[in-house]
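Here the structure is laid out as structure tokens; the discussion comes afterwards.
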Amino acid sequence: MQVEHVGKNIEVTDFIKAYSEHKLERLKHYLKDLDVAPDAVRVRIVYDFEKHRHRNRVDIDV
């Protein structure tokens with residue numbers, strides 16, 4: 001699984017990256033059922049910070 005972290009108006013720290021990748025480990029169970037090569041899965045996580053809202057967006061391409 002290839003993971004790309006993108007931060008908009010926020011610095012993506014090592015802790016944020018490690019936490020997000022830890023949560024993505026749950027997907028590996030489902031990817032085994034799809035019979036897909038591990039390198040064929042690309043994940044793009046976008047962290048967006050605005051003054052009154054925090055948003056995260058995860059795009060997964062198989």
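Lettering and numbering for the structure tokens are positional, with chains as A, B, ... in the shown order, residues counted from 1 in each chain, and ligands counted from 1 in the shown order.
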Find the residues around Asn56 in chain A up to 7 Å (only C-alpha atoms counted), leave out those fewer than 4 positions away in its own chain, and share them as a tab-separated table (two decimals) with N, CA, C and O atoms, in the first residue's frame.
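This is the output file around19.tsv:
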```tsv
chain	number	residue	atom	x	y	z
A	46	VAL	N	-5.67	13.66	2.59
A	46	VAL	CA	-5.56	15.12	2.56
A	46	VAL	C	-6.05	15.66	3.90
A	46	VAL	O	-7.19	15.42	4.30
A	47	TYR	N	-5.18	16.36	4.59
A	47	TYR	CA	-5.52	17.00	5.86
A	47	TYR	C	-5.74	18.48	5.56
A	47	TYR	O	-4.87	19.15	5.04
A	48	ASP	N	-6.92	18.98	5.91
A	48	ASP	CA	-7.28	20.36	5.61
A	48	ASP	C	-7.65	21.05	6.92
A	48	ASP	O	-8.47	20.54	7.68
```
* Asked: Could you state the separation of CA of Ser20 in chain A and CA of Ile45 in chain A in Å, given to one decimal place?
  ->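 Taking CA of Ser20 in chain A as the start and CA of Ile45 in chain A as the end point, the length is 8.5 Å.
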* Asked: Closest to Arg57 in chain A among A:Val6, A:Ala40, A:Leu34, A:Leu24, using only C-alpha atoms?
  -> A:Val6
* Can you work out the spacing between CA of His52 in chain A and CA of His22 in chain A in Å, to one decimal? =>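 Distance reported for this atom pair: 26.6 Å.
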